[in-house]
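Trainee: Provided herewith: upload25.txt, compact mmCIF, C-alpha atoms and all ligand atoms.
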```
# COMPACT_ATOMS: atom_id res chain seq x y z
CA MET A 1 44.70 -133.51 132.87
CA THR A 2 41.37 -134.87 133.96
CA ASP A 3 42.19 -138.52 134.61
CA TRP A 4 43.93 -138.66 137.96
CA LYS A 5 44.44 -142.43 138.20
CA THR A 6 46.96 -142.69 135.37
CA GLN A 7 48.67 -139.76 133.69
CA THR A 8 51.24 -139.66 130.92
CA TRP A 9 54.33 -137.64 131.85
CA PHE A 10 57.32 -137.40 129.49
CA GLY A 11 56.16 -140.49 127.60
CA HIS A 12 55.50 -142.70 130.64
CA ASP A 13 52.19 -143.73 132.16
CA ILE A 14 52.50 -142.97 135.87
CA ASP A 15 49.81 -144.06 138.34
CA ALA A 16 48.54 -141.88 141.18
CA GLY A 17 50.79 -142.30 144.23
CA GLN A 18 53.77 -143.40 142.11
CA HIS A 19 57.13 -141.64 141.75
CA ARG A 20 59.34 -141.98 138.71
CA ASN A 21 62.70 -140.63 137.60
CA THR A 22 62.62 -139.70 133.93
CA GLU A 23 63.98 -137.07 131.54
CA LEU A 24 62.92 -134.42 129.09
CA GLU A 25 64.69 -134.26 125.72
CA ILE A 26 65.50 -130.63 124.98
CA SER A 27 68.15 -130.58 122.27
CA GLU A 28 70.83 -132.61 120.48
CA SER A 29 74.60 -132.46 120.87
CA TYR A 30 77.26 -131.95 118.17
CA SER A 31 77.75 -135.71 118.15
CA GLY A 32 74.04 -136.20 117.54
CA ARG A 33 73.15 -137.47 121.01
CA ASN A 34 70.06 -136.41 122.89
CA ILE A 35 70.49 -133.70 125.49
CA VAL A 36 68.08 -134.33 128.37
CA ILE A 37 66.93 -132.74 131.61
CA PRO A 38 66.80 -135.41 134.36
CA LEU A 39 63.83 -135.01 136.69
CA ARG A 40 61.45 -136.83 139.03
CA VAL A 41 57.67 -136.90 138.68
CA VAL A 42 56.14 -137.31 142.14
CA ARG A 43 52.43 -138.13 142.04
CA GLY A 44 50.10 -137.91 145.03
CA ALA A 45 47.41 -140.51 145.55
CA GLU A 46 44.66 -137.85 145.61
CA PRO A 47 43.87 -135.16 143.02
CA GLY A 48 45.37 -131.70 143.52
CA PRO A 49 47.49 -129.04 141.82
CA THR A 50 50.65 -129.73 139.83
CA VAL A 51 53.72 -127.73 140.93
CA PHE A 52 57.19 -127.52 139.38
CA VAL A 53 60.30 -126.86 141.44
CA THR A 54 63.34 -125.92 139.33
CA GLY A 55 67.01 -125.34 140.14
CA ALA A 56 70.02 -124.15 138.08
CA LEU A 57 68.11 -122.32 135.35
CA HIS A 58 71.36 -120.40 135.55
CA GLY A 59 73.71 -123.37 135.25
CA ASP A 60 76.11 -122.24 138.02
CA GLU A 61 73.44 -121.55 140.69
CA LEU A 62 73.44 -124.73 142.74
CA ASN A 63 71.78 -123.95 146.08
CA GLY A 64 68.39 -124.85 144.56
CA THR A 65 69.87 -128.05 143.13
CA GLY A 66 71.04 -128.95 146.63
CA ALA A 67 67.62 -128.20 148.10
CA ILE A 68 65.78 -130.28 145.48
CA ARG A 69 68.22 -133.18 145.80
CA SER A 70 67.66 -133.28 149.55
CA PHE A 71 64.01 -134.18 148.87
CA LEU A 72 64.98 -136.66 146.14
CA ALA A 73 67.30 -138.48 148.57
CA ASP A 74 64.13 -139.94 150.10
CA PRO A 75 62.44 -142.13 147.46
CA GLU A 76 59.23 -142.07 149.53
CA TRP A 77 58.96 -138.28 149.70
CA GLY A 78 55.95 -136.82 147.94
CA PRO A 79 52.63 -135.04 148.28
CA VAL A 80 49.39 -136.62 149.48
CA ARG A 81 47.47 -134.59 146.90
CA GLY A 82 48.64 -133.26 143.55
CA ASN A 83 51.84 -133.71 141.53
CA VAL A 84 55.30 -132.25 141.99
CA LEU A 85 57.87 -132.09 139.18
CA MET A 86 61.30 -131.94 140.83
CA ILE A 87 63.95 -130.62 138.41
CA PRO A 88 67.39 -130.21 140.05
CA VAL A 89 69.06 -128.69 136.96
CA LEU A 90 66.98 -126.98 134.28
CA ASN A 91 69.88 -125.52 132.27
CA VAL A 92 71.85 -128.74 131.79
CA LEU A 93 74.15 -127.27 129.11
CA GLY A 94 75.18 -124.35 131.35
CA PHE A 95 75.54 -126.73 134.28
CA GLU A 96 77.94 -128.97 132.30
CA ARG A 97 80.26 -125.94 131.95
CA HIS A 98 79.74 -124.52 135.47
CA SER A 99 78.29 -121.53 133.64
CA ARG A 100 75.29 -119.24 134.03
CA TYR A 101 74.85 -119.18 130.26
CA LEU A 102 74.24 -121.60 127.42
CA PRO A 103 77.21 -122.49 125.17
CA ASP A 104 76.08 -119.81 122.67
CA ARG A 105 76.39 -117.26 125.55
CA ARG A 106 72.65 -116.73 125.70
CA ASP A 107 70.82 -116.43 129.01
CA LEU A 108 68.13 -119.14 128.95
CA ASN A 109 66.26 -117.08 131.56
CA ARG A 110 65.57 -114.35 128.98
CA CYS A 111 64.33 -116.69 126.23
CA PHE A 112 60.88 -117.75 127.46
CA PRO A 113 58.26 -118.62 126.31
CA GLY A 114 60.55 -119.67 123.46
CA ASN A 115 60.29 -120.26 119.75
CA ALA A 116 60.24 -123.65 117.98
CA SER A 117 62.05 -122.27 114.91
CA GLY A 118 64.39 -119.81 116.67
CA SER A 119 67.89 -120.00 118.19
CA MET A 120 69.09 -123.01 120.19
CA ALA A 121 68.19 -121.18 123.41
CA THR A 122 64.67 -120.21 122.35
CA ARG A 123 64.00 -123.73 121.03
CA MET A 124 65.03 -125.18 124.40
CA ALA A 125 62.88 -122.61 126.18
CA LYS A 126 59.92 -123.61 124.00
CA VAL A 127 60.33 -127.33 124.84
CA ILE A 128 60.56 -126.52 128.57
CA PHE A 129 57.56 -124.20 128.39
CA ASP A 130 55.35 -126.71 126.57
CA ALA A 131 56.39 -129.79 128.55
CA ILE A 132 56.48 -128.25 132.03
CA VAL A 133 54.87 -124.81 132.43
CA ALA A 134 51.83 -125.59 130.25
CA LYS A 135 51.09 -128.62 132.46
CA CYS A 136 51.62 -126.98 135.86
CA ASP A 137 49.40 -124.84 138.09
CA PHE A 138 52.20 -123.22 140.14
CA GLY A 139 55.98 -122.90 140.04
CA ILE A 140 58.95 -122.32 142.33
CA ASP A 141 62.22 -121.34 140.59
CA LEU A 142 65.35 -121.42 142.78
CA HIS A 143 68.32 -119.10 142.13
CA THR A 144 71.42 -117.60 143.77
CA ALA A 145 73.20 -114.29 143.31
CA ALA A 146 75.33 -113.90 140.17
CA VAL A 147 79.05 -114.64 140.23
CA ARG A 148 81.10 -112.62 142.81
CA ARG A 149 77.98 -111.73 144.77
CA THR A 150 75.86 -113.22 147.51
CA ASN A 151 72.18 -112.81 148.40
CA TYR A 152 70.37 -112.90 151.71
CA PRO A 153 67.54 -115.41 151.04
CA ASN A 154 64.51 -113.63 149.56
CA VAL A 155 61.48 -114.35 147.40
CA ARG A 156 60.56 -112.30 144.35
CA CYS A 157 57.13 -112.03 142.80
CA ASP A 158 54.60 -109.71 141.26
CA PHE A 159 52.63 -108.28 144.22
CA LYS A 160 49.74 -107.50 141.87
CA ASN A 161 49.27 -111.22 141.23
CA LYS A 162 47.37 -112.53 144.27
CA GLU A 163 48.37 -116.15 143.73
CA CYS A 164 52.06 -115.27 143.39
CA LEU A 165 51.90 -113.20 146.57
CA ARG A 166 50.14 -116.08 148.31
CA LEU A 167 52.95 -118.50 147.36
CA ALA A 168 55.67 -115.97 148.23
CA THR A 169 54.13 -115.31 151.64
CA ALA A 170 53.68 -119.02 152.34
CA PHE A 171 57.28 -119.73 151.31
CA GLY A 172 58.35 -117.74 154.39
CA ALA A 173 61.87 -116.59 153.48
CA GLY A 174 61.18 -113.48 155.60
CA VAL A 175 61.92 -111.00 152.81
CA ILE A 176 59.68 -110.59 149.73
CA LEU A 177 60.50 -108.30 146.78
CA ASP A 178 57.96 -106.88 144.36
CA GLY A 179 58.46 -107.17 140.61
CA ARG A 180 57.42 -109.13 137.56
CA GLY A 181 60.97 -110.01 136.56
CA PRO A 182 62.71 -109.19 133.26
CA LYS A 183 61.00 -109.81 129.94
CA GLY A 184 61.60 -113.38 128.78
CA SER A 185 62.37 -114.61 132.30
CA PHE A 186 60.91 -117.98 133.27
CA ARG A 187 58.79 -116.74 136.19
CA ARG A 188 57.42 -113.69 134.38
CA GLU A 189 56.39 -115.64 131.29
CA ALA A 190 55.12 -118.64 133.29
CA THR A 191 53.00 -116.33 135.45
CA ALA A 192 51.71 -114.52 132.34
CA ALA A 193 50.79 -117.92 130.85
CA GLY A 194 48.61 -118.76 133.87
CA CYS A 195 51.11 -120.62 136.04
CA PRO A 196 51.82 -118.30 139.01
CA THR A 197 55.55 -118.67 139.71
CA ILE A 198 57.87 -117.26 142.35
CA VAL A 199 61.65 -116.87 142.29
CA VAL A 200 63.78 -117.55 145.34
CA GLU A 201 67.27 -116.04 145.57
CA GLY A 202 69.87 -117.08 148.13
CA GLY A 203 73.62 -117.34 148.56
CA GLU A 204 76.34 -117.67 145.93
CA VAL A 205 77.09 -119.58 142.72
CA TRP A 206 79.03 -122.89 142.68
CA LYS A 207 78.09 -123.84 146.24
CA VAL A 208 75.49 -125.73 148.20
CA GLU A 209 75.23 -123.58 151.32
CA PRO A 210 73.50 -125.31 154.24
CA SER A 211 71.67 -122.26 155.64
CA VAL A 212 70.33 -121.30 152.21
CA VAL A 213 69.26 -124.89 151.53
CA ASP A 214 67.44 -124.90 154.90
CA CYS A 215 65.51 -121.78 153.90
CA MET A 216 64.68 -123.26 150.49
CA THR A 217 63.56 -126.67 151.77
CA ARG A 218 61.39 -125.11 154.47
CA GLY A 219 59.88 -122.82 151.84
CA ILE A 220 59.07 -125.65 149.43
CA VAL A 221 57.35 -127.62 152.21
CA ASN A 222 55.50 -124.45 153.28
CA VAL A 223 54.17 -123.81 149.77
CA LEU A 224 53.03 -127.42 149.34
CA GLN A 225 51.26 -127.15 152.72
CA GLU A 226 49.63 -123.87 151.69
CA LEU A 227 48.31 -125.66 148.58
CA GLU A 228 47.09 -128.52 150.83
CA MET A 229 49.25 -131.00 148.94
CA ILE A 230 51.00 -132.18 152.10
CA GLU A 231 49.67 -132.18 155.67
CA GLY A 232 50.49 -129.52 158.22
CA GLU A 233 50.54 -125.76 158.54
CA PRO A 234 53.25 -123.62 156.90
CA GLU A 235 55.94 -122.54 159.36
CA VAL A 236 56.19 -118.87 158.39
CA PRO A 237 58.02 -116.06 160.23
CA GLU A 238 55.78 -113.32 161.64
CA ASN A 239 55.66 -109.93 159.90
CA GLN A 240 57.63 -110.73 156.77
CA VAL A 241 59.22 -107.73 155.04
CA LYS A 242 57.61 -106.70 151.77
CA LEU A 243 60.04 -104.60 149.71
CA LYS A 244 58.79 -102.43 146.85
CA GLN A 245 62.03 -100.60 146.17
CA THR A 246 65.66 -101.71 146.12
CA LYS A 247 68.87 -99.99 145.11
CA TRP A 248 72.45 -101.07 144.37
CA VAL A 249 74.81 -98.76 146.23
CA ARG A 250 77.78 -98.40 143.87
CA ALA A 251 81.45 -97.65 144.38
CA GLU A 252 82.43 -94.00 143.78
CA ARG A 253 86.18 -94.61 143.88
CA GLY A 254 88.44 -97.48 142.86
CA GLY A 255 90.13 -99.43 145.63
CA PHE A 256 89.69 -102.03 148.31
CA MET A 257 86.48 -102.21 150.35
CA ASP A 258 86.22 -102.81 154.09
CA MET A 259 82.63 -103.94 154.61
CA HIS A 260 80.62 -102.74 157.62
CA VAL A 261 77.55 -104.86 156.87
CA SER A 262 76.80 -108.41 155.77
CA PRO A 263 73.81 -110.13 154.10
CA GLY A 264 70.64 -109.55 156.12
CA THR A 265 72.02 -106.59 158.12
CA THR A 266 69.45 -103.85 158.73
CA VAL A 267 70.66 -100.24 158.50
CA VAL A 268 69.34 -96.74 159.12
CA LYS A 269 69.82 -93.87 156.68
CA GLY A 270 73.38 -92.54 156.74
CA GLN A 271 74.85 -95.64 158.41
CA PRO A 272 78.29 -96.59 156.99
CA LEU A 273 78.09 -99.57 154.60
CA ALA A 274 81.69 -99.87 153.40
CA THR A 275 84.92 -97.87 153.44
CA ASN A 276 87.11 -97.72 150.36
CA SER A 277 90.86 -97.33 150.70
CA SER A 278 93.98 -97.73 148.59
CA LEU A 279 96.00 -100.92 148.92
CA VAL A 280 98.27 -99.19 151.46
CA GLN A 281 95.28 -98.10 153.58
CA GLU A 282 94.83 -94.49 152.49
CA ASP A 283 91.11 -93.72 152.88
CA GLN A 284 89.36 -92.89 149.61
CA ASN A 285 85.72 -92.57 150.62
CA ARG A 286 82.88 -94.17 152.55
CA LEU A 287 79.56 -95.49 151.24
CA GLU A 288 76.54 -94.74 153.41
CA ALA A 289 73.00 -96.09 153.39
CA PRO A 290 70.86 -93.77 151.20
CA PHE A 291 67.77 -94.84 153.18
CA ASP A 292 66.61 -97.12 156.00
CA GLY A 293 66.95 -100.64 154.68
CA ILE A 294 68.06 -104.27 154.75
CA VAL A 295 71.05 -105.74 152.89
CA ILE A 296 69.60 -108.28 150.44
CA GLY A 297 72.76 -108.70 148.37
CA MET A 298 76.37 -107.62 148.18
CA THR A 299 79.62 -108.16 146.38
CA THR A 300 81.97 -110.84 147.70
CA LEU A 301 84.88 -109.31 145.78
CA PRO A 302 86.29 -106.42 147.84
CA ALA A 303 88.27 -104.79 145.00
CA VAL A 304 86.09 -102.26 143.15
CA GLN A 305 86.17 -99.63 140.42
CA PRO A 306 83.86 -96.59 140.24
CA GLY A 307 80.30 -97.61 139.34
CA GLU A 308 80.59 -101.23 140.39
CA PRO A 309 77.77 -102.54 142.59
CA VAL A 310 78.70 -103.06 146.25
CA ILE A 311 75.58 -103.35 148.41
CA HIS A 312 72.02 -104.20 147.29
CA LEU A 313 69.72 -102.48 149.75
CA GLY A 314 65.97 -103.07 150.16
CA LYS A 315 64.13 -99.93 151.29
CA LEU A 316 62.32 -99.98 154.63
CA SER A 317 59.81 -97.28 155.55
CA SER A 318 61.26 -95.98 158.84
CA PRO A 319 63.76 -96.61 161.64
CA LYS A 320 60.87 -98.25 163.51
CA THR A 321 60.46 -100.77 160.68
CA VAL A 322 64.23 -101.38 160.76
CA ARG A 323 63.99 -102.37 164.43
CA ARG A 324 60.96 -104.57 163.80
CA VAL A 325 62.67 -106.36 160.90
CA GLU A 326 65.79 -106.91 162.99
CA LYS A 327 63.71 -108.41 165.79
CA GLN A 328 61.76 -110.60 163.39
CA THR A 329 64.94 -111.93 161.75
CA GLN A 330 66.43 -112.81 165.12
CA ALA A 331 63.22 -114.56 166.21
CA ASP A 332 63.22 -116.93 163.23
CA GLU A 333 65.87 -119.63 163.47
CA VAL A 334 66.18 -120.19 159.71
CA GLN A 335 66.72 -116.48 158.98
CA ARG A 336 69.02 -115.98 161.96
CA THR A 337 71.17 -118.95 160.91
CA ALA A 338 71.34 -117.70 157.30
CA GLN A 339 72.45 -114.29 158.52
CA GLU A 340 75.11 -115.76 160.81
CA HIS A 341 76.35 -118.18 158.20
CA LEU A 342 76.43 -115.78 155.23
CA SER A 343 78.23 -113.15 157.33
CA THR A 344 81.20 -115.52 157.65
CA ASN A 345 81.81 -115.18 153.88
CA VAL A 346 82.74 -111.49 154.13
CA GLN A 347 85.06 -109.77 156.57
CA VAL A 348 83.10 -107.14 158.46
CA VAL A 349 85.02 -104.42 160.27
CA GLU A 350 83.84 -101.55 162.45
CA PRO A 351 84.01 -98.16 160.72
CA THR A 352 86.67 -95.80 162.11
CA ASP A 353 85.75 -92.15 162.65
ZN ZN B 401 69.73 -116.93 138.53
```
Could you express the structure from this file as structure tokens?

Mentor:
Amino acid sequence: MTDWKTQTWFGHDIDAGQHRNTELEISESYSGRNIVIPLRVVRGAEPGPTVFVTGALHGDELNGTGAIRSFLADPEWGPVRGNVLMIPVLNVLGFERHSRYLPDRRDLNRCFPGNASGSMATRMAKVIFDAIVAKCDFGIDLHTAAVRRTNYPNVRCDFKNKECLRLATAFGAGVILDGRGPKGSFRREATAAGCPTIVVEGGEVWKVEPSVVDCMTRGIVNVLQELEMIEGEPEVPENQVKLKQTKWVRAERGGFMDMHVSPGTTVVKGQPLATNSSLVQEDQNRLEAPFDGIVIGMTTLPAVQPGEPVIHLGKLSSPKTVRRVEKQTQADEVQRTAQEHLSTNVQVVEPTD
């Protein structure tokens, strides 16, 4: 869009410096009503990039919704330069059912860039892609762990894409994971279409968790500062961890898990992660760290069967790196608070010999 003074967004002429709540029509209901995505267009007075911030692309993942709504609570909030599209709930049909999926059980986050003559999900994806991604320069997509799991806040992006890595680093969650994302996912297809997009993961479904929201809101401000859309320097933790390899440590036996770690815990190779026992406390086996690492996700459901994922571990290069990461996490208030807060969701017990 070349004319900065007045731009047309979702059918409305919006002047530079103006903010407007509006909606995007994405489908129609069984009763023939429009299904819409509510959103706010926030326009800066001066020219600059256009950035989307989306929550609840999985309809049950609400930490991002909470983070976005905290900005929207202030009608004056907005960038000096550029535009921000604030979208608290992208998957409105999943959200209406407290569900990750669309009513036809499809995952909207595998349907991009979409298809105008395809399934309901791919048609919706196509509308979102054309109306939002095609008109944005950068994107931030906010998620949580899937049901019965929790994530230590982390950013995911394709390290080979310099702009994505720039946004991920500026976001400042402290932990950054390499990867393009699955085929058909919003961030992968948006990035491939020329709109570098990062994913942020933190916490659990069906909750707005204060420490995760704090990490997300700081990160959004940081990215907008990095892009010179709002004043100030990004507040980024020193020496953020860049993870190239992660692994789910899985249960070998069925039974009840006593956890020895919590989200954000750093471990050295061989350190006990969880002990499995029968319901009457007969030890079955113990899971140990396969390498030096940091816990980026874990189950919140302590009852497991063989093969079920228990601890998601990011690989660190050496015990020295483990100590550095631990120090860095403790030095950053947002990360330290997230670690303390998320550890209260799981009972952690000392391993017995
Ligand atoms: Zn998700």

Trainee: If I take CA of Val268 in chain A and CA of Trp248 in chain A, how far is one from the other in Å, to one decimal?

Mentor: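 So the answer is 15.7 Å.
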
Trainee: Point out the residue among A:Arg166, A:Arg149, A:Arg250, A:Arg286 with the least atom-to-atom distance to ligand ZN 401 (chain B), counting all atoms listed in the file.

Mentor: A:Arg149

Trainee: Hey, could you make a per-residue contact list for chain A against ligand ZN 401 (chain B) with 7 Å as the cut-off, showing the nearest pair of atoms and its distance in Å to one decimal, counting all atoms listed in the file, sorted by chain and number, as JSON lines?

Mentor:
```
{"residue": "A:Leu57", "atom": "CA", "partner": "B:ZN401", "partner_atom": "ZN", "distance": 6.5}
{"residue": "A:His58", "atom": "CA", "partner": "B:ZN401", "partner_atom": "ZN", "distance": 4.9}
{"residue": "A:Glu61", "atom": "CA", "partner": "B:ZN401", "partner_atom": "ZN", "distance": 6.3}
{"residue": "A:His143", "atom": "CA", "partner": "B:ZN401", "partner_atom": "ZN", "distance": 4.4}
{"residue": "A:Thr144", "atom": "CA", "partner": "B:ZN401", "partner_atom": "ZN", "distance": 5.5}
{"residue": "A:Ala145", "atom": "CA", "partner": "B:ZN401", "partner_atom": "ZN", "distance": 6.5}
{"residue": "A:Ala146", "atom": "CA", "partner": "B:ZN401", "partner_atom": "ZN", "distance": 6.6}
```

Trainee: Convert the current residue selection to file output with C-alpha atoms, as a compact mmCIF listing (two decimals), keeping the file's coordinate frame.

Mentor:
```txt
# COMPACT_ATOMS: atom_id res chain seq x y z
CA LEU A 57 68.11 -122.32 135.35
CA HIS A 58 71.36 -120.40 135.55
CA GLU A 61 73.44 -121.55 140.69
CA HIS A 143 68.32 -119.10 142.13
CA THR A 144 71.42 -117.60 143.77
CA ALA A 145 73.20 -114.29 143.31
CA ALA A 146 75.33 -113.90 140.17
```

Trainee: Please report the interatomic distance between CA of Met257 in chain A and CA of His312 in chain A in Å with one decimal.

Mentor: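 Here the two named atoms are 14.9 Å from each other.
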
Trainee: From the list A:Ile35, A:Arg40, A:Cys195, A:Glu231, which residue is nearest Ala134 in chain A when using all atoms listed in the file?

Mentor: A:Cys195

Trainee: In Å to one decimal, how far is CA of Arg336 in chain A from CA of Leu142 in chain A?

Mentor: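 A separation of 20.3 Å between them.
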
Trainee: For a quick check of understanding, using all atoms listed in the file, which of A:Cys215, A:Met298, A:Val80, A:Leu102 has the smallest distance to Val175 in chain A?

Mentor: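 Checking each candidate against Val175 in chain A, we get A:Cys215 as the closest.
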
Trainee: Contacts of Gly64 in chain A at 12 Å or less, counting all atoms listed in the file, minus same-chain residues fewer than 5 places along, as a tab-separated table (two decimals) with C-alpha atoms, in the coordinates of the input?

Mentor:
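Generated output (result_31.tsv):
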```tsv
chain	number	residue	atom	x	y	z
A	53	VAL	CA	60.30	-126.86	141.44
A	54	THR	CA	63.34	-125.92	139.33
A	55	GLY	CA	67.01	-125.34	140.14
A	56	ALA	CA	70.02	-124.15	138.08
A	57	LEU	CA	68.11	-122.32	135.35
A	58	HIS	CA	71.36	-120.40	135.55
A	59	GLY	CA	73.71	-123.37	135.25
A	69	ARG	CA	68.22	-133.18	145.80
A	70	SER	CA	67.66	-133.28	149.55
A	71	PHE	CA	64.01	-134.18	148.87
A	86	MET	CA	61.30	-131.94	140.83
A	87	ILE	CA	63.95	-130.62	138.41
A	88	PRO	CA	67.39	-130.21	140.05
A	89	VAL	CA	69.06	-128.69	136.96
A	90	LEU	CA	66.98	-126.98	134.28
A	140	ILE	CA	58.95	-122.32	142.33
A	141	ASP	CA	62.22	-121.34	140.59
A	142	LEU	CA	65.35	-121.42	142.78
A	143	HIS	CA	68.32	-119.10	142.13
A	144	THR	CA	71.42	-117.60	143.77
A	145	ALA	CA	73.20	-114.29	143.31
A	153	PRO	CA	67.54	-115.41	151.04
A	199	VAL	CA	61.65	-116.87	142.29
A	200	VAL	CA	63.78	-117.55	145.34
A	201	GLU	CA	67.27	-116.04	145.57
A	202	GLY	CA	69.87	-117.08	148.13
A	203	GLY	CA	73.62	-117.34	148.56
A	204	GLU	CA	76.34	-117.67	145.93
A	205	VAL	CA	77.09	-119.58	142.72
A	206	TRP	CA	79.03	-122.89	142.68
A	207	LYS	CA	78.09	-123.84	146.24
A	208	VAL	CA	75.49	-125.73	148.20
A	209	GLU	CA	75.23	-123.58	151.32
A	210	PRO	CA	73.50	-125.31	154.24
A	211	SER	CA	71.67	-122.26	155.64
A	212	VAL	CA	70.33	-121.30	152.21
A	213	VAL	CA	69.26	-124.89	151.53
A	214	ASP	CA	67.44	-124.90	154.90
A	215	CYS	CA	65.51	-121.78	153.90
A	216	MET	CA	64.68	-123.26	150.49
A	217	THR	CA	63.56	-126.67	151.77
A	219	GLY	CA	59.88	-122.82	151.84
A	220	ILE	CA	59.07	-125.65	149.43
```

Trainee: Restricting the calculation to all atoms listed in the file, which member of A:Gly32, A:Gly44, A:Pro49, A:Pro351 is positioned closest to Asn285 in chain A?

Mentor: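 The answer is A:Pro351, which sits nearest to Asn285 in chain A.
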
Trainee: Nearest to Glu252 in chain A among A:Thr150, A:Ser277, A:Asn222, A:Thr321, with distances taken over only C-alpha atoms: which residue is it?

Mentor: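 Result for the nearest residue to Glu252 in chain A: A:Ser277.
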
Trainee: Can you rebuild range 199-214 of chain A with N, CA and C atoms and give it as a compact mmCIF listing (two decimals), in the coordinates of the input?

Mentor:
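out16.txt, written as the output of this step:
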```
# COMPACT_ATOMS: atom_id res chain seq x y z
N VAL A 199 60.21 -116.64 142.34
CA VAL A 199 61.65 -116.87 142.29
C VAL A 199 62.18 -116.75 143.70
N VAL A 200 63.10 -117.64 144.06
CA VAL A 200 63.78 -117.55 145.34
C VAL A 200 65.26 -117.32 145.05
N GLU A 201 65.85 -116.36 145.74
CA GLU A 201 67.27 -116.04 145.57
C GLU A 201 67.96 -116.28 146.90
N GLY A 202 69.12 -116.94 146.88
CA GLY A 202 69.87 -117.08 148.13
C GLY A 202 71.28 -117.55 147.90
N GLY A 203 72.24 -116.89 148.56
CA GLY A 203 73.62 -117.34 148.56
C GLY A 203 74.37 -117.06 147.27
N GLU A 204 75.37 -117.89 147.01
CA GLU A 204 76.34 -117.67 145.93
C GLU A 204 76.28 -118.78 144.88
N VAL A 205 76.93 -118.53 143.74
CA VAL A 205 77.09 -119.58 142.72
C VAL A 205 78.09 -120.64 143.19
N TRP A 206 78.03 -121.82 142.54
CA TRP A 206 79.03 -122.89 142.68
C TRP A 206 79.10 -123.47 144.08
N LYS A 207 78.06 -123.29 144.88
CA LYS A 207 78.09 -123.84 146.24
C LYS A 207 76.72 -124.40 146.59
N VAL A 208 76.73 -125.36 147.53
CA VAL A 208 75.49 -125.73 148.20
C VAL A 208 75.67 -125.29 149.64
N GLU A 209 75.03 -124.18 150.00
CA GLU A 209 75.23 -123.58 151.32
C GLU A 209 74.11 -124.03 152.27
N PRO A 210 74.51 -124.67 153.39
CA PRO A 210 73.50 -125.31 154.24
C PRO A 210 72.38 -124.38 154.72
N SER A 211 72.72 -123.14 155.10
CA SER A 211 71.67 -122.26 155.64
C SER A 211 70.70 -121.81 154.54
N VAL A 212 71.20 -121.68 153.32
CA VAL A 212 70.33 -121.30 152.21
C VAL A 212 69.44 -122.49 151.83
N VAL A 213 70.04 -123.68 151.82
CA VAL A 213 69.26 -124.89 151.53
C VAL A 213 68.15 -125.06 152.58
N ASP A 214 68.46 -124.79 153.85
CA ASP A 214 67.44 -124.90 154.90
C ASP A 214 66.26 -123.97 154.63
```
